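Raw contents of run_35.txt, compact mmCIF, N, CA and C atoms:
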```txt
# COMPACT_ATOMS: atom_id res chain seq x y z
N MET I 26 -89.11 16.74 41.11
CA MET I 26 -88.99 16.29 42.48
C MET I 26 -88.15 15.01 42.48
N SER I 27 -86.98 15.06 43.08
CA SER I 27 -86.15 13.87 43.16
C SER I 27 -86.35 13.21 44.52
N GLY I 28 -85.93 11.99 44.62
CA GLY I 28 -86.11 11.29 45.87
C GLY I 28 -85.37 9.97 45.85
N TYR I 29 -85.69 9.14 46.77
CA TYR I 29 -85.09 7.82 46.89
C TYR I 29 -85.98 6.81 46.20
N ARG I 30 -85.41 6.06 45.24
CA ARG I 30 -86.19 5.08 44.47
C ARG I 30 -85.98 3.68 45.02
N VAL I 31 -87.09 2.96 45.13
CA VAL I 31 -87.06 1.60 45.65
C VAL I 31 -87.93 0.72 44.76
N TRP I 32 -87.39 -0.39 44.29
CA TRP I 32 -88.15 -1.34 43.47
C TRP I 32 -88.77 -2.41 44.37
N ILE I 33 -90.07 -2.61 44.22
CA ILE I 33 -90.80 -3.65 44.94
C ILE I 33 -91.32 -4.63 43.88
N PRO I 34 -90.75 -5.84 43.81
CA PRO I 34 -91.24 -6.79 42.81
C PRO I 34 -92.64 -7.27 43.15
N GLY I 35 -93.42 -7.54 42.15
CA GLY I 35 -94.80 -7.95 42.36
C GLY I 35 -95.17 -9.12 41.49
N PRO I 36 -96.44 -9.23 41.21
CA PRO I 36 -97.46 -8.22 41.47
C PRO I 36 -97.84 -8.17 42.95
N LEU I 37 -98.11 -6.96 43.42
CA LEU I 37 -98.61 -6.79 44.77
C LEU I 37 -100.10 -7.10 44.78
N PRO I 38 -100.65 -7.43 45.93
CA PRO I 38 -102.09 -7.71 45.99
C PRO I 38 -102.90 -6.48 45.60
N GLY I 39 -103.97 -6.71 44.86
CA GLY I 39 -104.89 -5.64 44.51
C GLY I 39 -106.05 -5.62 45.48
N MET I 40 -106.95 -4.68 45.28
CA MET I 40 -108.09 -4.54 46.18
C MET I 40 -108.92 -5.83 46.23
N ASN I 41 -109.10 -6.49 45.10
CA ASN I 41 -109.89 -7.72 45.09
C ASN I 41 -109.26 -8.80 45.97
N GLU I 42 -107.94 -8.94 45.91
CA GLU I 42 -107.25 -9.93 46.76
C GLU I 42 -107.30 -9.53 48.23
N ILE I 43 -107.19 -8.24 48.49
CA ILE I 43 -107.24 -7.75 49.87
C ILE I 43 -108.61 -8.02 50.48
N ILE I 44 -109.67 -7.74 49.73
CA ILE I 44 -111.03 -7.99 50.22
C ILE I 44 -111.24 -9.47 50.46
N LYS I 45 -110.80 -10.29 49.52
CA LYS I 45 -110.95 -11.75 49.67
C LYS I 45 -110.23 -12.23 50.93
N ALA I 46 -109.03 -11.74 51.18
CA ALA I 46 -108.27 -12.14 52.37
C ALA I 46 -108.96 -11.67 53.65
N ALA I 47 -109.58 -10.49 53.59
CA ALA I 47 -110.26 -9.95 54.77
C ALA I 47 -111.53 -10.72 55.08
N LYS I 48 -112.18 -11.26 54.07
CA LYS I 48 -113.42 -12.00 54.27
C LYS I 48 -113.18 -13.45 54.67
N GLY I 49 -112.00 -13.96 54.41
CA GLY I 49 -111.69 -15.36 54.69
C GLY I 49 -111.73 -15.69 56.17
N CYS I 50 -111.61 -16.96 56.48
CA CYS I 50 -111.58 -17.44 57.87
C CYS I 50 -112.78 -16.94 58.66
N ASN I 51 -113.97 -17.14 58.13
CA ASN I 51 -115.20 -16.74 58.80
C ASN I 51 -115.27 -15.24 59.08
N GLY I 52 -114.72 -14.45 58.19
CA GLY I 52 -114.80 -13.00 58.33
C GLY I 52 -113.88 -12.42 59.39
N LYS I 53 -112.94 -13.19 59.90
CA LYS I 53 -112.04 -12.71 60.95
C LYS I 53 -110.83 -11.96 60.41
N GLY I 54 -110.64 -11.96 59.11
CA GLY I 54 -109.55 -11.19 58.53
C GLY I 54 -108.18 -11.76 58.76
N LEU I 55 -108.08 -13.03 59.12
CA LEU I 55 -106.76 -13.62 59.39
C LEU I 55 -105.90 -13.67 58.13
N GLY I 56 -106.51 -13.88 56.99
CA GLY I 56 -105.76 -13.88 55.74
C GLY I 56 -105.18 -12.51 55.44
N TYR I 57 -105.96 -11.47 55.71
CA TYR I 57 -105.48 -10.11 55.48
C TYR I 57 -104.34 -9.79 56.43
N SER I 58 -104.45 -10.21 57.67
CA SER I 58 -103.40 -9.95 58.65
C SER I 58 -102.06 -10.53 58.19
N ALA I 59 -102.09 -11.77 57.70
CA ALA I 59 -100.86 -12.40 57.21
C ALA I 59 -100.35 -11.69 55.96
N MET I 60 -101.28 -11.32 55.06
CA MET I 60 -100.90 -10.62 53.83
C MET I 60 -100.23 -9.28 54.16
N LYS I 61 -100.84 -8.54 55.05
CA LYS I 61 -100.32 -7.22 55.41
C LYS I 61 -98.95 -7.34 56.08
N LYS I 62 -98.81 -8.30 56.98
CA LYS I 62 -97.54 -8.50 57.66
C LYS I 62 -96.43 -8.85 56.67
N ARG I 63 -96.74 -9.75 55.73
CA ARG I 63 -95.74 -10.17 54.74
C ARG I 63 -95.31 -9.02 53.85
N TRP I 64 -96.28 -8.33 53.25
CA TRP I 64 -95.95 -7.26 52.30
C TRP I 64 -95.33 -6.06 52.99
N THR I 65 -95.86 -5.67 54.13
CA THR I 65 -95.29 -4.52 54.85
C THR I 65 -93.85 -4.80 55.26
N GLY I 66 -93.60 -6.00 55.77
CA GLY I 66 -92.24 -6.37 56.17
C GLY I 66 -91.28 -6.41 55.00
N ASP I 67 -91.71 -7.00 53.89
CA ASP I 67 -90.86 -7.09 52.70
C ASP I 67 -90.53 -5.71 52.15
N ILE I 68 -91.53 -4.86 52.08
CA ILE I 68 -91.30 -3.50 51.55
C ILE I 68 -90.39 -2.73 52.50
N ALA I 69 -90.58 -2.89 53.81
CA ALA I 69 -89.73 -2.20 54.79
C ALA I 69 -88.27 -2.61 54.62
N LEU I 70 -88.03 -3.89 54.39
CA LEU I 70 -86.65 -4.36 54.18
C LEU I 70 -86.04 -3.74 52.93
N ARG I 71 -86.83 -3.60 51.88
CA ARG I 71 -86.32 -3.01 50.63
C ARG I 71 -86.07 -1.51 50.80
N ILE I 72 -86.90 -0.84 51.57
CA ILE I 72 -86.70 0.58 51.85
C ILE I 72 -85.41 0.77 52.65
N ARG I 73 -85.19 -0.10 53.62
CA ARG I 73 -83.97 -0.02 54.42
C ARG I 73 -82.74 -0.28 53.55
N ALA I 74 -82.82 -1.31 52.69
CA ALA I 74 -81.70 -1.64 51.82
C ALA I 74 -81.37 -0.49 50.87
N ALA I 75 -82.38 0.29 50.50
CA ALA I 75 -82.18 1.44 49.61
C ALA I 75 -81.66 2.67 50.38
N ARG I 76 -81.53 2.53 51.68
CA ARG I 76 -81.00 3.59 52.55
C ARG I 76 -81.81 4.88 52.49
N VAL I 77 -83.12 4.72 52.50
CA VAL I 77 -84.00 5.90 52.57
C VAL I 77 -83.89 6.43 53.99
N PRO I 78 -83.49 7.69 54.16
CA PRO I 78 -83.27 8.24 55.51
C PRO I 78 -84.58 8.62 56.21
N PRO I 79 -84.52 8.83 57.51
CA PRO I 79 -85.70 9.30 58.24
C PRO I 79 -86.15 10.67 57.70
N MET I 80 -87.46 10.87 57.68
CA MET I 80 -88.06 12.11 57.18
C MET I 80 -89.19 12.53 58.12
N GLN I 81 -89.43 13.82 58.19
CA GLN I 81 -90.55 14.33 58.96
C GLN I 81 -91.87 14.12 58.22
N ARG I 82 -91.81 14.33 56.90
CA ARG I 82 -93.01 14.25 56.05
C ARG I 82 -92.56 13.79 54.67
N ALA I 83 -93.30 12.85 54.09
CA ALA I 83 -92.87 12.29 52.81
C ALA I 83 -93.98 12.32 51.76
N HIS I 84 -93.56 12.49 50.53
CA HIS I 84 -94.42 12.33 49.36
C HIS I 84 -93.94 11.06 48.67
N VAL I 85 -94.89 10.23 48.22
CA VAL I 85 -94.51 8.99 47.54
C VAL I 85 -95.13 8.96 46.14
N ARG I 86 -94.27 8.76 45.16
CA ARG I 86 -94.71 8.54 43.79
C ARG I 86 -94.68 7.03 43.56
N PHE I 87 -95.78 6.50 43.07
CA PHE I 87 -95.90 5.08 42.77
C PHE I 87 -95.90 4.91 41.25
N ASP I 88 -94.90 4.24 40.73
CA ASP I 88 -94.86 3.90 39.31
C ASP I 88 -95.15 2.40 39.21
N TRP I 89 -96.42 2.07 38.99
CA TRP I 89 -96.88 0.69 38.94
C TRP I 89 -96.55 0.09 37.59
N VAL I 90 -95.98 -1.10 37.60
CA VAL I 90 -95.65 -1.81 36.37
C VAL I 90 -96.47 -3.10 36.33
N SER I 91 -97.24 -3.26 35.27
CA SER I 91 -98.06 -4.45 35.07
C SER I 91 -97.60 -5.17 33.80
N VAL I 92 -97.77 -6.48 33.78
CA VAL I 92 -97.40 -7.24 32.59
C VAL I 92 -98.55 -7.29 31.59
N ASP I 93 -99.75 -6.94 32.02
CA ASP I 93 -100.92 -6.92 31.14
C ASP I 93 -101.93 -5.92 31.72
N ARG I 94 -103.08 -5.85 31.09
CA ARG I 94 -104.11 -4.91 31.56
C ARG I 94 -105.28 -5.66 32.18
N CYS I 95 -105.01 -6.74 32.88
CA CYS I 95 -106.07 -7.55 33.48
C CYS I 95 -106.68 -6.89 34.72
N ARG I 96 -105.92 -6.08 35.44
CA ARG I 96 -106.44 -5.41 36.64
C ARG I 96 -106.56 -3.92 36.38
N ASP I 97 -107.63 -3.33 36.91
CA ASP I 97 -107.83 -1.89 36.79
C ASP I 97 -106.81 -1.15 37.64
N PRO I 98 -106.41 0.05 37.21
CA PRO I 98 -105.45 0.82 38.00
C PRO I 98 -105.88 1.04 39.45
N ASP I 99 -107.16 1.33 39.70
CA ASP I 99 -107.59 1.58 41.08
C ASP I 99 -107.50 0.31 41.93
N ASN I 100 -107.63 -0.85 41.32
CA ASN I 100 -107.46 -2.11 42.03
C ASN I 100 -105.99 -2.28 42.43
N ILE I 101 -105.10 -2.01 41.52
CA ILE I 101 -103.66 -2.14 41.76
C ILE I 101 -103.21 -1.18 42.86
N GLU I 102 -103.70 0.05 42.84
CA GLU I 102 -103.26 1.08 43.77
C GLU I 102 -103.59 0.79 45.23
N ALA I 103 -104.48 -0.16 45.49
CA ALA I 103 -104.84 -0.48 46.87
C ALA I 103 -103.62 -0.92 47.69
N ALA I 104 -102.61 -1.47 47.03
CA ALA I 104 -101.41 -1.94 47.73
C ALA I 104 -100.56 -0.80 48.29
N GLN I 105 -100.91 0.45 47.97
CA GLN I 105 -100.16 1.56 48.55
C GLN I 105 -100.21 1.55 50.07
N LYS I 106 -101.27 0.96 50.64
CA LYS I 106 -101.40 0.85 52.10
C LYS I 106 -100.18 0.15 52.69
N PHE I 107 -99.73 -0.92 52.03
CA PHE I 107 -98.57 -1.66 52.53
C PHE I 107 -97.30 -0.81 52.47
N ALA I 108 -97.17 0.00 51.44
CA ALA I 108 -95.98 0.84 51.30
C ALA I 108 -95.95 1.94 52.36
N TRP I 109 -97.10 2.60 52.59
CA TRP I 109 -97.14 3.65 53.61
C TRP I 109 -96.86 3.06 54.99
N ASP I 110 -97.42 1.89 55.27
CA ASP I 110 -97.15 1.25 56.56
C ASP I 110 -95.70 0.82 56.68
N ALA I 111 -95.08 0.43 55.57
CA ALA I 111 -93.67 0.04 55.59
C ALA I 111 -92.76 1.22 55.93
N LEU I 112 -93.13 2.41 55.50
CA LEU I 112 -92.31 3.59 55.79
C LEU I 112 -92.21 3.86 57.28
N LYS I 113 -93.21 3.46 58.05
CA LYS I 113 -93.17 3.67 59.51
C LYS I 113 -92.80 2.39 60.26
N HIS I 114 -92.55 1.32 59.54
CA HIS I 114 -92.21 0.03 60.13
C HIS I 114 -90.91 0.14 60.92
N LYS I 115 -90.77 -0.67 61.96
CA LYS I 115 -89.58 -0.64 62.83
C LYS I 115 -88.29 -0.96 62.08
N VAL I 116 -88.37 -1.61 60.93
CA VAL I 116 -87.18 -1.91 60.14
C VAL I 116 -86.77 -0.71 59.29
N ALA I 117 -87.73 -0.06 58.62
CA ALA I 117 -87.41 1.06 57.73
C ALA I 117 -87.16 2.36 58.49
N LYS I 118 -88.02 2.67 59.44
CA LYS I 118 -87.89 3.88 60.28
C LYS I 118 -87.75 5.17 59.49
N VAL I 119 -88.49 5.29 58.39
CA VAL I 119 -88.43 6.53 57.60
C VAL I 119 -89.36 7.57 58.22
N LEU I 120 -90.58 7.16 58.56
CA LEU I 120 -91.56 8.06 59.17
C LEU I 120 -91.91 7.57 60.57
N THR I 121 -92.28 8.50 61.43
CA THR I 121 -92.71 8.11 62.78
C THR I 121 -94.15 7.61 62.78
N ASN I 122 -94.92 8.00 61.77
CA ASN I 122 -96.31 7.60 61.63
C ASN I 122 -96.69 7.82 60.16
N ASP I 123 -97.91 7.44 59.80
CA ASP I 123 -98.35 7.70 58.42
C ASP I 123 -99.65 8.49 58.42
N GLY I 124 -99.80 9.35 59.41
CA GLY I 124 -100.99 10.18 59.52
C GLY I 124 -100.87 11.47 58.70
N TRP I 125 -101.80 12.37 58.93
CA TRP I 125 -101.87 13.63 58.17
C TRP I 125 -100.58 14.43 58.25
N LYS I 126 -99.94 14.43 59.41
CA LYS I 126 -98.74 15.23 59.60
C LYS I 126 -97.55 14.71 58.78
N GLN I 127 -97.46 13.38 58.62
CA GLN I 127 -96.33 12.78 57.93
C GLN I 127 -96.61 12.47 56.45
N HIS I 128 -97.87 12.38 56.09
CA HIS I 128 -98.27 12.02 54.72
C HIS I 128 -98.28 13.28 53.87
N GLY I 129 -97.29 13.38 53.01
CA GLY I 129 -97.14 14.57 52.16
C GLY I 129 -97.73 14.39 50.77
N GLY I 130 -98.61 13.41 50.62
CA GLY I 130 -99.26 13.20 49.34
C GLY I 130 -98.65 12.05 48.56
N SER I 131 -99.38 11.68 47.52
CA SER I 131 -98.90 10.60 46.66
C SER I 131 -99.42 10.82 45.25
N GLU I 132 -98.78 10.16 44.32
CA GLU I 132 -99.24 10.18 42.93
C GLU I 132 -99.00 8.80 42.36
N HIS I 133 -99.81 8.45 41.38
CA HIS I 133 -99.76 7.11 40.80
C HIS I 133 -99.65 7.19 39.29
N HIS I 134 -98.76 6.37 38.76
CA HIS I 134 -98.58 6.25 37.32
C HIS I 134 -98.55 4.77 36.98
N HIS I 135 -99.05 4.42 35.81
CA HIS I 135 -99.14 3.02 35.40
C HIS I 135 -98.48 2.82 34.05
N GLU I 136 -97.79 1.68 33.90
CA GLU I 136 -97.17 1.33 32.63
C GLU I 136 -97.13 -0.18 32.50
N LEU I 137 -96.95 -0.63 31.28
CA LEU I 137 -96.77 -2.05 31.02
C LEU I 137 -95.28 -2.35 30.97
N GLY I 138 -94.90 -3.54 31.44
CA GLY I 138 -93.50 -3.93 31.42
C GLY I 138 -93.35 -5.43 31.50
N ALA I 139 -92.12 -5.88 31.44
CA ALA I 139 -91.84 -7.32 31.45
C ALA I 139 -92.01 -7.93 32.84
N LYS I 140 -91.79 -7.15 33.89
CA LYS I 140 -91.89 -7.65 35.27
C LYS I 140 -92.82 -6.75 36.07
N ALA I 141 -93.78 -7.36 36.75
CA ALA I 141 -94.73 -6.60 37.56
C ALA I 141 -94.08 -6.14 38.87
N GLY I 142 -94.52 -5.00 39.34
CA GLY I 142 -94.05 -4.46 40.60
C GLY I 142 -94.35 -2.98 40.67
N VAL I 143 -93.66 -2.31 41.55
CA VAL I 143 -93.85 -0.87 41.67
C VAL I 143 -92.54 -0.21 42.07
N TRP I 144 -92.28 0.92 41.43
CA TRP I 144 -91.17 1.79 41.85
C TRP I 144 -91.75 2.80 42.83
N LEU I 145 -91.18 2.87 44.01
CA LEU I 145 -91.53 3.92 44.97
C LEU I 145 -90.47 5.00 44.87
N THR I 146 -90.89 6.23 44.77
CA THR I 146 -89.96 7.35 44.87
C THR I 146 -90.40 8.15 46.09
N VAL I 147 -89.57 8.11 47.13
CA VAL I 147 -89.90 8.73 48.41
C VAL I 147 -89.10 10.02 48.52
N THR I 148 -89.82 11.12 48.70
CA THR I 148 -89.20 12.44 48.76
C THR I 148 -89.67 13.17 50.00
N GLU I 149 -88.75 13.77 50.71
CA GLU I 149 -89.14 14.57 51.88
C GLU I 149 -89.74 15.89 51.41
N VAL I 150 -90.84 16.28 52.03
CA VAL I 150 -91.50 17.54 51.71
C VAL I 150 -91.70 18.33 53.00
N GLU I 151 -91.85 19.62 52.84
CA GLU I 151 -92.03 20.49 54.01
C GLU I 151 -93.42 20.34 54.61
N GLN I 152 -93.51 20.65 55.88
CA GLN I 152 -94.79 20.68 56.56
C GLN I 152 -95.59 21.86 56.01
N PRO I 153 -96.89 21.70 55.84
CA PRO I 153 -97.69 22.84 55.37
C PRO I 153 -97.76 23.92 56.44
N THR I 154 -97.88 25.15 56.01
CA THR I 154 -98.04 26.24 56.98
C THR I 154 -99.48 26.27 57.47
N PRO I 155 -99.67 26.49 58.75
CA PRO I 155 -101.04 26.49 59.30
C PRO I 155 -101.89 27.64 58.83
```

Before anything else, please render the file you have as structure tokens.
Amino acid sequence: MSGYRVWIPGPLPGMNEIIKAAKGCNGKGLGYSAMKKRWTGDIALRIRAARVPPMQRAHVRFDWVSVDRCRDPDNIEAAQKFAWDALKHKVAKVLTNDGWKQHGGSEHHHELGAKAGVWLTVTEVEQPTP
């Protein structure tokens, strides 16, 4: 499956950081709101720069790169929320939404490397038959 590859430098926030941000500010989630806005916007800009075209339905492969094994893979994968939201962001305009109709699945792979981040490979897939 080929697709459009986009590098997102990191490390991206993991589930532990996301939860901490959501609990901050007396439980109002203001830290999470700022985190989500920052990461979603940054990823959307990188998707646009990579010229990923509009799609009806997309599959995303996440190739997570970590510099060490300090965070569990499931903790790291929580940042996929920002990537899916970036695909429908007004800057990227790849998907009209990120619901069941547009979400064509995802897969996650992990490796060690010199620089933390994630490679997104976005591929258009067909709608399932009813």

For segment 37-51 of chain I, work out the shell of residues within 6.5 Å, counting all atoms listed in the file and skipping chain neighbours fewer than 4 positions away, then give it as a PyMOL selection string.
-> chain I and resi 55-58+99-104+141-142

Using only N, CA and C atoms, which of the listed residues (I:Pro36, I:Lys62, I:Ile68, I:Val92) sits closest to Ala108 of chain I?
-> I:Ile68

Mind pulling up the distance from atom CA of Arg82 of chain I to atom N of Glu151 of chain I?
-> 6.4 Å

Would you kindly return, as a list in words, each protein, DNA or RNA residue with an atom no farther than 6 Å from any atom of Val90 of chain I, considering only N, CA and C atoms and excluding same-chain residues fewer than 2 positions away?
-> Asp88, Val92, His135, Glu136, Leu137, Gly138, Lys140, Ala141, Gly142, Val143 and Trp144 of chain I

I:Asp123, I:Glu132, I:Asp110, I:Glu149: which is nearest Asp67 of chain I, counting only C-alpha atoms?
->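 That would be I:Asp110, the residue with the smallest distance to Asp67 of chain I.
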
May I have the residues within 6 Å of Val119 of chain I as an NGL selection string, using only N, CA and C atoms and disregarding those fewer than 5 positions away in the same chain?
-> :I and (77-80 or 112-114)
